[in-house]
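A.B. asks: One file is attached below, query-v4.tsv, containing TSV, C-alpha atoms.
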```tsv
chain	number	residue	atom	x	y	z
A	544	ALA	CA	11.75	-16.41	8.33
A	545	ALA	CA	15.39	-17.16	7.58
A	546	GLY	CA	14.37	-19.22	4.54
A	547	ALA	CA	12.26	-16.37	3.21
A	548	VAL	CA	15.18	-13.96	3.59
A	549	ASP	CA	17.39	-16.33	1.56
A	550	VAL	CA	14.79	-16.50	-1.22
A	551	TYR	CA	14.42	-12.72	-1.38
A	552	GLU	CA	18.20	-12.30	-1.40
A	553	SER	CA	18.45	-14.69	-4.36
A	554	LEU	CA	15.72	-12.83	-6.25
A	555	ALA	CA	17.28	-9.45	-5.55
A	556	ARG	CA	20.69	-10.62	-6.75
A	557	ALA	CA	19.19	-12.00	-9.96
A	558	HIS	CA	17.42	-8.73	-10.75
A	559	VAL	CA	20.45	-6.59	-9.96
A	560	ALA	CA	22.63	-8.83	-12.13
A	561	GLU	CA	20.29	-8.02	-15.03
A	562	GLY	CA	20.71	-4.29	-14.43
A	563	ALA	CA	17.70	-3.38	-12.26
A	564	ASP	CA	17.86	0.24	-11.07
A	565	TYR	CA	15.14	-0.26	-8.44
A	566	LEU	CA	13.68	-3.25	-6.64
A	567	LEU	CA	9.92	-3.41	-6.09
A	568	ILE	CA	8.42	-5.38	-3.21
A	569	GLU	CA	4.77	-5.54	-4.18
A	570	THR	CA	1.52	-7.16	-3.10
A	571	ALA	CA	2.93	-7.86	0.36
A	572	ALA	CA	0.03	-9.08	2.51
A	573	THR	CA	1.94	-8.83	5.81
A	574	ALA	CA	4.74	-6.72	7.22
A	575	ASP	CA	6.71	-9.92	7.88
A	576	GLU	CA	6.89	-10.56	4.13
A	577	ALA	CA	8.15	-7.07	3.43
A	578	VAL	CA	10.68	-7.06	6.27
A	579	ALA	CA	12.10	-10.41	5.07
A	580	ALA	CA	12.49	-8.96	1.57
A	581	ILE	CA	14.27	-5.87	2.91
A	582	VAL	CA	16.67	-8.00	4.95
A	583	GLY	CA	17.35	-10.07	1.83
A	584	VAL	CA	18.14	-6.94	-0.18
A	585	SER	CA	20.43	-5.70	2.59
A	586	ARG	CA	22.79	-8.61	1.93
A	587	LEU	CA	23.70	-7.13	-1.46
A	588	ASP	CA	26.78	-4.97	-1.77
A	589	GLY	CA	26.06	-1.48	-0.51
A	590	GLY	CA	22.58	-2.52	0.63
A	591	GLY	CA	21.36	-2.91	-2.94
A	592	PRO	CA	19.54	-0.41	-5.19
A	593	PRO	CA	16.64	1.75	-3.96
A	594	VAL	CA	13.55	-0.22	-2.92
A	595	TRP	CA	9.83	0.48	-3.30
A	596	CYS	CA	7.55	-1.46	-0.94
A	597	CYS	CA	3.83	-1.82	-1.72
A	598	PHE	CA	1.19	-3.68	0.28
A	599	THR	CA	-2.06	-5.34	-0.77
A	600	LEU	CA	-5.06	-4.21	1.29
A	601	ALA	CA	-8.21	-5.69	2.80
A	602	ASP	CA	-11.32	-5.19	0.68
A	603	ASP	CA	-13.28	-3.77	3.62
A	604	ALA	CA	-11.50	-0.39	3.30
A	605	SER	CA	-10.51	-0.51	6.98
A	606	GLY	CA	-6.98	0.76	6.37
A	607	ARG	CA	-5.50	-2.68	6.97
A	608	LEU	CA	-3.42	-5.18	5.04
A	609	ARG	CA	-4.96	-8.44	3.91
A	610	GLY	CA	-3.00	-9.99	6.78
A	611	GLY	CA	-4.92	-7.80	9.25
A	612	GLU	CA	-2.27	-5.27	10.30
A	613	LEU	CA	-2.90	-1.55	10.17
A	614	VAL	CA	-1.08	0.04	7.25
A	615	ALA	CA	0.57	2.39	9.75
A	616	HIS	CA	2.11	-0.55	11.61
A	617	ALA	CA	3.34	-2.21	8.44
A	618	VAL	CA	4.92	0.95	7.05
A	619	ASP	CA	6.56	1.72	10.37
A	620	ARG	CA	8.07	-1.76	10.44
A	621	VAL	CA	9.55	-1.58	6.95
A	622	VAL	CA	10.90	1.92	7.58
A	623	ASN	CA	12.63	0.70	10.74
A	624	ALA	CA	13.90	-2.47	9.03
A	625	SER	CA	15.35	-0.51	6.11
A	626	GLU	CA	17.09	1.98	8.38
A	627	ALA	CA	18.48	-0.78	10.62
A	628	ASN	CA	19.87	-2.68	7.63
A	629	GLY	CA	21.18	0.13	5.41
A	630	VAL	CA	18.56	-0.30	2.68
A	631	ASP	CA	17.39	2.75	0.71
A	632	LEU	CA	13.61	2.54	1.08
A	633	ALA	CA	12.70	5.16	-1.51
A	634	ALA	CA	8.92	4.64	-1.58
A	635	VAL	CA	6.03	2.97	0.23
A	636	GLY	CA	2.63	2.29	-1.23
A	637	ALA	CA	-0.32	0.06	-2.01
A	638	ASN	CA	-1.25	-2.10	-4.98
A	639	CYS	CA	-3.57	-4.92	-6.02
A	640	ALA	CA	-6.45	-3.59	-3.95
A	641	CYS	CA	-9.78	-1.99	-4.80
A	642	ALA	CA	-9.96	1.78	-5.07
A	643	ASP	CA	-11.89	2.19	-1.81
A	644	ALA	CA	-9.15	0.32	0.04
A	645	VAL	CA	-6.52	2.66	-1.40
A	646	ASP	CA	-8.61	5.65	-0.30
A	647	ALA	CA	-8.59	4.33	3.27
A	648	ALA	CA	-4.89	3.46	3.35
A	649	LEU	CA	-3.47	6.58	1.73
A	650	PRO	CA	-3.41	8.83	4.83
A	651	GLN	CA	-1.39	6.21	6.71
A	652	LEU	CA	1.02	5.78	3.81
A	653	VAL	CA	1.61	9.53	3.62
A	654	GLU	CA	2.03	10.02	7.36
A	655	TYR	CA	4.15	7.00	8.17
A	656	GLY	CA	6.17	7.12	4.94
A	657	GLU	CA	8.03	10.05	6.49
A	658	GLY	CA	8.54	12.02	3.30
A	659	ARG	CA	9.23	9.09	1.00
A	660	ASP	CA	7.47	8.77	-2.35
A	661	VAL	CA	4.00	7.28	-1.99
A	662	VAL	CA	3.07	4.85	-4.78
A	663	VAL	CA	-0.51	3.70	-5.41
A	664	TYR	CA	-1.75	1.50	-8.23
A	665	ALA	CA	-5.16	0.04	-7.51
A	666	ASN	CA	-7.10	-2.63	-9.29
A	667	ALA	CA	-9.77	-1.36	-11.62
A	668	PHE	CA	-12.09	-4.07	-10.33
A	669	ALA	CA	-14.76	-2.66	-8.01
A	670	GLY	CA	-13.87	-5.38	-5.52
A	671	THR	CA	-10.69	-7.42	-5.33
A	672	THR	CA	-11.16	-11.21	-5.39
A	673	SER	CA	-14.06	-10.89	-2.94
A	674	ALA	CA	-15.90	-13.98	-4.16
A	675	TRP	CA	-12.78	-16.12	-3.84
A	676	LEU	CA	-11.94	-14.75	-0.39
A	677	ALA	CA	-15.49	-15.37	0.78
A	678	SER	CA	-15.25	-18.99	-0.37
A	679	GLU	CA	-12.10	-19.32	1.74
A	680	GLY	CA	-13.89	-17.98	4.80
A	681	ARG	CA	-11.71	-14.86	4.96
A	682	PRO	CA	-12.90	-11.99	7.18
A	683	ASP	CA	-11.56	-9.15	5.00
A	684	VAL	CA	-14.38	-9.25	2.45
A	685	ALA	CA	-16.63	-6.24	2.04
A	686	GLU	CA	-20.16	-6.78	0.77
A	687	PRO	CA	-20.52	-4.84	-1.39
A	688	PRO	CA	-16.86	-3.79	-1.60
A	689	PHE	CA	-17.47	-0.67	-3.68
A	690	ARG	CA	-19.11	2.40	-2.15
A	691	GLY	CA	-18.86	4.88	-5.03
A	692	PRO	CA	-21.60	6.01	-7.44
A	693	GLY	CA	-23.25	3.10	-9.21
A	694	GLY	CA	-22.51	4.55	-12.64
A	695	ASP	CA	-18.78	4.38	-11.92
A	696	VAL	CA	-18.80	0.60	-12.40
A	697	VAL	CA	-19.64	-1.35	-15.54
A	698	ASP	CA	-19.54	-5.16	-15.39
A	699	GLY	CA	-17.64	-5.04	-12.13
A	700	VAL	CA	-14.90	-2.71	-13.40
A	701	LEU	CA	-14.38	0.99	-12.70
A	702	THR	CA	-14.90	3.05	-15.83
A	703	VAL	CA	-11.93	4.87	-17.32
A	704	GLU	CA	-13.37	8.20	-16.14
A	705	ALA	CA	-14.04	6.96	-12.60
A	706	TYR	CA	-10.54	5.54	-12.21
A	707	ALA	CA	-9.01	8.79	-13.47
A	708	LYS	CA	-11.02	10.76	-10.88
A	709	ARG	CA	-9.69	8.50	-8.14
A	710	ALA	CA	-6.16	9.00	-9.42
A	711	ARG	CA	-6.62	12.75	-9.25
A	712	ALA	CA	-7.87	12.47	-5.66
A	713	TRP	CA	-4.95	10.25	-4.67
A	714	ARG	CA	-2.49	12.72	-6.12
A	715	ALA	CA	-4.15	15.59	-4.23
A	716	ALA	CA	-4.01	13.60	-0.99
A	717	GLY	CA	-0.27	12.96	-1.21
A	718	ALA	CA	0.43	10.14	-3.68
A	719	THR	CA	3.48	10.94	-5.80
A	720	VAL	CA	3.31	7.97	-8.19
A	721	VAL	CA	-0.04	6.71	-9.52
A	722	GLY	CA	-0.65	3.74	-11.81
A	723	GLY	CA	-2.93	0.76	-12.28
A	724	CYS	CA	-2.93	-2.92	-11.33
A	725	CYS	CA	-5.32	-5.78	-12.17
A	726	GLY	CA	-8.14	-4.82	-14.51
A	727	ALA	CA	-6.58	-1.47	-15.42
A	728	THR	CA	-6.19	-1.16	-19.17
A	729	PRO	CA	-4.07	1.11	-21.38
A	730	ASP	CA	-7.19	3.31	-21.71
A	731	HIS	CA	-7.32	3.67	-17.92
A	732	MET	CA	-3.67	4.69	-17.84
A	733	ARG	CA	-4.04	7.17	-20.69
A	734	ALA	CA	-6.93	8.78	-18.81
A	735	VAL	CA	-4.87	8.93	-15.61
A	736	ALA	CA	-1.96	10.56	-17.43
A	737	ALA	CA	-4.29	13.09	-19.04
A	738	VAL	CA	-6.15	14.04	-15.87
A	739	LEU	CA	-2.94	14.46	-13.87
A	740	ALA	CA	-1.36	16.60	-16.57
A	741	ALA	CA	-4.36	18.86	-17.27
A	742	PRO	CA	-5.71	21.73	-15.17
A	743	TRP	CA	-8.53	20.48	-12.97
A	744	ASP	CA	-11.88	22.12	-13.74
A	745	GLY	CA	-14.13	19.88	-11.68
A	746	PRO	CA	-14.93	19.78	-7.96
A	747	ASP	CA	-11.90	19.84	-5.68
A	748	PRO	CA	-10.70	16.32	-4.93
A	749	PRO	CA	-10.65	15.31	-1.26
A	750	THR	CA	-7.79	16.65	0.81
A	751	PHE	CA	-5.52	14.60	3.07
A	752	GLU	CA	-7.53	15.87	6.06
A	753	LYS	CA	-10.82	14.80	4.45
A	754	MET	CA	-9.46	11.33	3.76
A	755	MET	CA	-8.36	11.10	7.41
A	756	GLU	CA	-11.90	12.01	8.50
A	757	ASP	CA	-13.39	9.41	6.17
A	758	GLN	CA	-10.97	6.78	7.41
A	759	ALA	CA	-11.80	7.57	11.05
A	760	ALA	CA	-15.47	6.97	10.25
A	761	VAL	CA	-14.61	3.61	8.66
A	762	PHE	CA	-12.51	2.64	11.67
A	763	GLU	CA	-15.38	3.49	13.99
A	764	ALA	CA	-17.74	1.40	11.90
A	765	VAL	CA	-15.51	-1.68	12.10
A	766	GLY	CA	-14.74	-1.23	15.79
A	767	ALA	CA	-11.12	-0.04	15.40
A	768	LYS	CA	-9.75	3.01	17.19
A	769	MET	CA	-8.10	5.85	15.30
A	770	ASP	CA	-5.90	6.76	18.28
A	771	SER	CA	-2.46	7.88	17.11
A	772	VAL	CA	-0.94	7.25	20.55
A	773	VAL	CA	-2.04	3.60	20.43
A	774	ILE	CA	-0.87	3.24	16.82
A	775	ASP	CA	2.53	4.77	17.62
A	776	ALA	CA	3.04	2.62	20.70
A	777	THR	CA	2.12	-0.58	18.87
A	778	ALA	CA	4.34	0.31	15.92
A	779	LYS	CA	7.31	0.93	18.22
A	780	ASP	CA	6.77	-2.42	19.95
A	781	LEU	CA	6.74	-4.17	16.57
A	782	ALA	CA	9.89	-2.31	15.53
A	783	ARG	CA	11.70	-3.46	18.67
A	784	THR	CA	10.61	-7.03	17.95
A	785	ASP	CA	11.99	-6.77	14.41
A	786	ALA	CA	15.30	-5.45	15.72
A	787	ALA	CA	15.61	-8.42	18.08
A	788	VAL	CA	14.88	-10.89	15.28
A	789	LEU	CA	17.42	-9.26	12.96
A	790	GLU	CA	20.05	-9.32	15.72
A	791	ARG	CA	19.51	-13.05	16.24
A	792	GLU	CA	19.84	-13.72	12.49
A	793	ALA	CA	23.10	-11.75	12.37
```
As structure tokens, please, write out the structure in this file.

C.D. replies:
Amino acid sequence: AAGAVDVYESLARAHVAEGADYLLIETAATADEAVAAIVGVSRLDGGGPPVWCCFTLADDASGRLRGGELVAHAVDRVVNASEANGVDLAAVGANCACADAVDAALPQLVEYGEGRDVVVYANAFAGTTSAWLASEGRPDVAEPPFRGPGGDVVDGVLTVEAYAKRARAWRAAGATVVGGCCGATPDHMRAVAAVLAAPWDGPDPPTFEKMMEDQAAVFEAVGAKMDSVVIDATAKDLARTDAAVLEREA
């Protein structure tokens, strides 16, 4: 862990030296990765510039990171780590994950982000590296990974129109910054910009409450419990563990 912190500190210093206004921790598969990066940033003068922290998600749309942790746990850990180390965590989010996975994670990002900006930029691929993960024997592979209308996908990629509809739904459910990751083209981004700027004349996108209901159904299907008391207790235990680790490193 200490070696990872040193690497992240070095990277942060290099970016700041070149004039970076923000630092982006992205595609973090575990909370440990993100916490190490935050501690590295904290070693900069004044705690460094504002930080955005985005996680990559399991393809099974279970509201978990690829490392297996609930998004709620991971966000709670980075929020606690940033506050304990004087780092300005300006945004939390998700990236490099299929659109269904972002749907499932968004309620946790909004709730546990505690008023911070929520950044989402999904892959346009219907499923994210599922074939490769399956070949590695990974458990976080959904088959099929995409549950939307069949016409929304052409040659394994969400159409421009389908991605824009998702972007609109994410914005309605609490995302404040929306973009695109792997497989998203300039045409996808132009469509997203247009749909977010224009009055919406289609069906109402799902609300935060509806996404929470959908996520609860997914959790039930995969045998996980959507019990906020359990989630809160586990997150607090993890936060205390992080604090002990940081104290030892100091």

A.B. asks: Please compute the atom CA of Gly670 of chain A-atom CA of Lys708 of chain A distance, one decimal, in Å.

C.D. replies: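 Interatomic distance, atom CA of Gly670 of chain A to atom CA of Lys708 of chain A: 17.2 Å.
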
A.B. asks: When you look at Ala580 of chain A with a cut-off of 7 Å (counting only C-alpha atoms), what residues show up, excluding the ones that are within fewer than 4 positions of it in the same chain? I need them as an MDAnalysis selection string.

C.D. replies: chainID A and resid 548 551 576 584

A.B. asks: With all atoms listed in the file as the basis for distance, which of A:Gly726, A:Thr599, A:Val621, A:Val735 is at the shortest distance from Ala710 of chain A?

C.D. replies: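 Looking at the shortest contact to Ala710 of chain A, the residue is A:Val735.
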
A.B. asks: Give me, please, the distance in Å between atom CA of Ser585 of chain A and atom CA of Val630 of chain A, quoted to one decimal.

C.D. replies: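 Between atom CA of Ser585 of chain A and atom CA of Val630 of chain A the gap works out to 5.7 Å.
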
A.B. asks: Name the closest residue to Asp643 of chain A among the candidates A:Val697, A:Val614, A:Ala601, A:Ala718; distances are taken between atoms, counting only C-alpha atoms.

C.D. replies: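 Residue with the minimum atom-to-atom distance to Asp643 of chain A: A:Ala601.
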
A.B. asks: Using only C-alpha atoms, which of A:His558, A:Arg620, A:Arg659, A:Arg607 sits nearest Thr719 of chain A?

C.D. replies: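 Of A:His558, A:Arg620, A:Arg659, A:Arg607, the one nearest Thr719 of chain A, counting only C-alpha atoms, is A:Arg659.
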
A.B. asks: Using all atoms listed in the file, determine which residues lie at most 12 Å from Ala740 of chain A, disregarding the query and same-chain residues fewer than 6 positions distant; provide the list as a ChimeraX atom specification.

C.D. replies: /A:707,710-711,714,733-734

A.B. asks: Report, in Å to a single decimal, how far apart atom CA of Gly717 of chain A and atom CA of His616 of chain A are.

C.D. replies: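 Computing it gives 18.8 Å between the two atoms.
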
A.B. asks: Starting from the point (-5.8, -1.6, -6.2), work out which residues of protein, DNA or RNA have an atom no more than 8 Å away when counting all atoms listed in the file; state them as a list in words.

C.D. replies: Thr599, Leu600, Ala637, Asn638, Cys639, Ala640, Cys641, Ala642, Ala644, Val645, Val663, Tyr664, Ala665, Asn666, Ala667, Phe668, Thr671, Gly723, Cys724 and Cys725 of chain A

A.B. asks: Quick one: everything within 10 Å of Val578 of chain A, counting all atoms listed in the file, minus sequence neighbours fewer than 5 positions away in the same chain. Send it as a list in words.

C.D. replies: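 Once the nearby chain positions are removed, what remains is Ala544, Ala547, Val548, Ile568, Ala571, Thr573, Gly583, Val584, Cys596, Ala617, Val618, Arg620, Val621, Val622, Asn623, Ala624, Ser625, Asp785 and Leu789 of chain A.
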
A.B. asks: Would you mind writing segment 692-703 of chain A with all heavy atoms, as an mmCIF file, keeping the file's coordinate frame?

C.D. replies:
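What ended up in part-v1.cif:
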```cif
data_model
loop_
_atom_site.group_PDB
_atom_site.id
_atom_site.type_symbol
_atom_site.label_atom_id
_atom_site.label_comp_id
_atom_site.auth_asym_id
_atom_site.auth_seq_id
_atom_site.Cartn_x
_atom_site.Cartn_y
_atom_site.Cartn_z
ATOM 1 N N PRO A 692 -20.367 5.931 -6.631
ATOM 2 C CA PRO A 692 -21.600 6.010 -7.440
ATOM 3 C C PRO A 692 -21.763 4.780 -8.319
ATOM 4 O O PRO A 692 -20.792 4.272 -8.887
ATOM 5 C CB PRO A 692 -21.374 7.270 -8.283
ATOM 6 C CG PRO A 692 -20.363 8.072 -7.522
ATOM 7 C CD PRO A 692 -19.479 7.074 -6.840
ATOM 8 N N GLY A 693 -22.995 4.304 -8.430
ATOM 9 C CA GLY A 693 -23.250 3.100 -9.210
ATOM 10 C C GLY A 693 -22.792 3.201 -10.643
ATOM 11 O O GLY A 693 -22.331 2.224 -11.230
ATOM 12 N N GLY A 694 -22.904 4.391 -11.249
ATOM 13 C CA GLY A 694 -22.510 4.550 -12.640
ATOM 14 C C GLY A 694 -21.020 4.481 -12.870
ATOM 15 O O GLY A 694 -20.572 4.431 -14.018
ATOM 16 N N ASP A 695 -20.243 4.457 -11.780
ATOM 17 C CA ASP A 695 -18.780 4.380 -11.920
ATOM 18 C C ASP A 695 -18.302 2.984 -12.280
ATOM 19 O O ASP A 695 -17.138 2.802 -12.624
ATOM 20 C CB ASP A 695 -18.098 4.813 -10.618
ATOM 21 C CG ASP A 695 -18.092 6.316 -10.419
ATOM 22 O OD1 ASP A 695 -18.574 7.036 -11.320
ATOM 23 O OD2 ASP A 695 -17.606 6.775 -9.375
ATOM 24 N N VAL A 696 -19.182 1.997 -12.185
ATOM 25 C CA VAL A 696 -18.800 0.600 -12.400
ATOM 26 C C VAL A 696 -19.640 -0.003 -13.514
ATOM 27 O O VAL A 696 -20.862 0.122 -13.518
ATOM 28 C CB VAL A 696 -18.981 -0.225 -11.116
ATOM 29 C CG1 VAL A 696 -18.644 -1.695 -11.372
ATOM 30 C CG2 VAL A 696 -18.118 0.324 -9.995
ATOM 31 N N VAL A 697 -18.962 -0.633 -14.460
ATOM 32 C CA VAL A 697 -19.640 -1.350 -15.540
ATOM 33 C C VAL A 697 -19.079 -2.769 -15.570
ATOM 34 O O VAL A 697 -17.859 -2.955 -15.704
ATOM 35 C CB VAL A 697 -19.423 -0.664 -16.905
ATOM 36 C CG1 VAL A 697 -20.056 -1.498 -18.012
ATOM 37 C CG2 VAL A 697 -20.007 0.747 -16.894
ATOM 38 N N ASP A 698 -19.960 -3.749 -15.402
ATOM 39 C CA ASP A 698 -19.540 -5.160 -15.390
ATOM 40 C C ASP A 698 -18.440 -5.416 -14.372
ATOM 41 O O ASP A 698 -17.489 -6.170 -14.629
ATOM 42 C CB ASP A 698 -19.079 -5.584 -16.784
ATOM 43 C CG ASP A 698 -20.205 -5.582 -17.802
ATOM 44 O OD1 ASP A 698 -21.364 -5.792 -17.393
ATOM 45 O OD2 ASP A 698 -19.927 -5.358 -18.995
ATOM 46 N N GLY A 699 -18.571 -4.781 -13.213
ATOM 47 C CA GLY A 699 -17.640 -5.040 -12.130
ATOM 48 C C GLY A 699 -16.314 -4.303 -12.212
ATOM 49 O O GLY A 699 -15.431 -4.529 -11.379
ATOM 50 N N VAL A 700 -16.164 -3.419 -13.203
ATOM 51 C CA VAL A 700 -14.900 -2.710 -13.400
ATOM 52 C C VAL A 700 -15.141 -1.207 -13.385
ATOM 53 O O VAL A 700 -16.106 -0.720 -13.994
ATOM 54 C CB VAL A 700 -14.234 -3.118 -14.736
ATOM 55 C CG1 VAL A 700 -12.935 -2.347 -14.951
ATOM 56 C CG2 VAL A 700 -13.966 -4.620 -14.763
ATOM 57 N N LEU A 701 -14.278 -0.466 -12.695
ATOM 58 C CA LEU A 701 -14.380 0.990 -12.700
ATOM 59 C C LEU A 701 -14.215 1.507 -14.132
ATOM 60 O O LEU A 701 -13.333 1.049 -14.867
ATOM 61 C CB LEU A 701 -13.280 1.607 -11.833
ATOM 62 C CG LEU A 701 -13.490 1.650 -10.324
ATOM 63 C CD1 LEU A 701 -12.196 2.065 -9.638
ATOM 64 C CD2 LEU A 701 -14.596 2.609 -9.968
ATOM 65 N N THR A 702 -15.051 2.453 -14.507
ATOM 66 C CA THR A 702 -14.900 3.050 -15.830
ATOM 67 C C THR A 702 -13.583 3.822 -15.902
ATOM 68 O O THR A 702 -12.979 4.163 -14.879
ATOM 69 C CB THR A 702 -16.055 4.019 -16.139
ATOM 70 O OG1 THR A 702 -15.976 5.137 -15.241
ATOM 71 C CG2 THR A 702 -17.393 3.322 -16.007
ATOM 72 N N VAL A 703 -13.161 4.090 -17.114
ATOM 73 C CA VAL A 703 -11.930 4.870 -17.320
ATOM 74 C C VAL A 703 -12.028 6.212 -16.609
ATOM 75 O O VAL A 703 -11.095 6.652 -15.929
ATOM 76 C CB VAL A 703 -11.693 5.052 -18.837
ATOM 77 C CG1 VAL A 703 -10.627 6.097 -19.089
ATOM 78 C CG2 VAL A 703 -11.312 3.722 -19.482
#
```
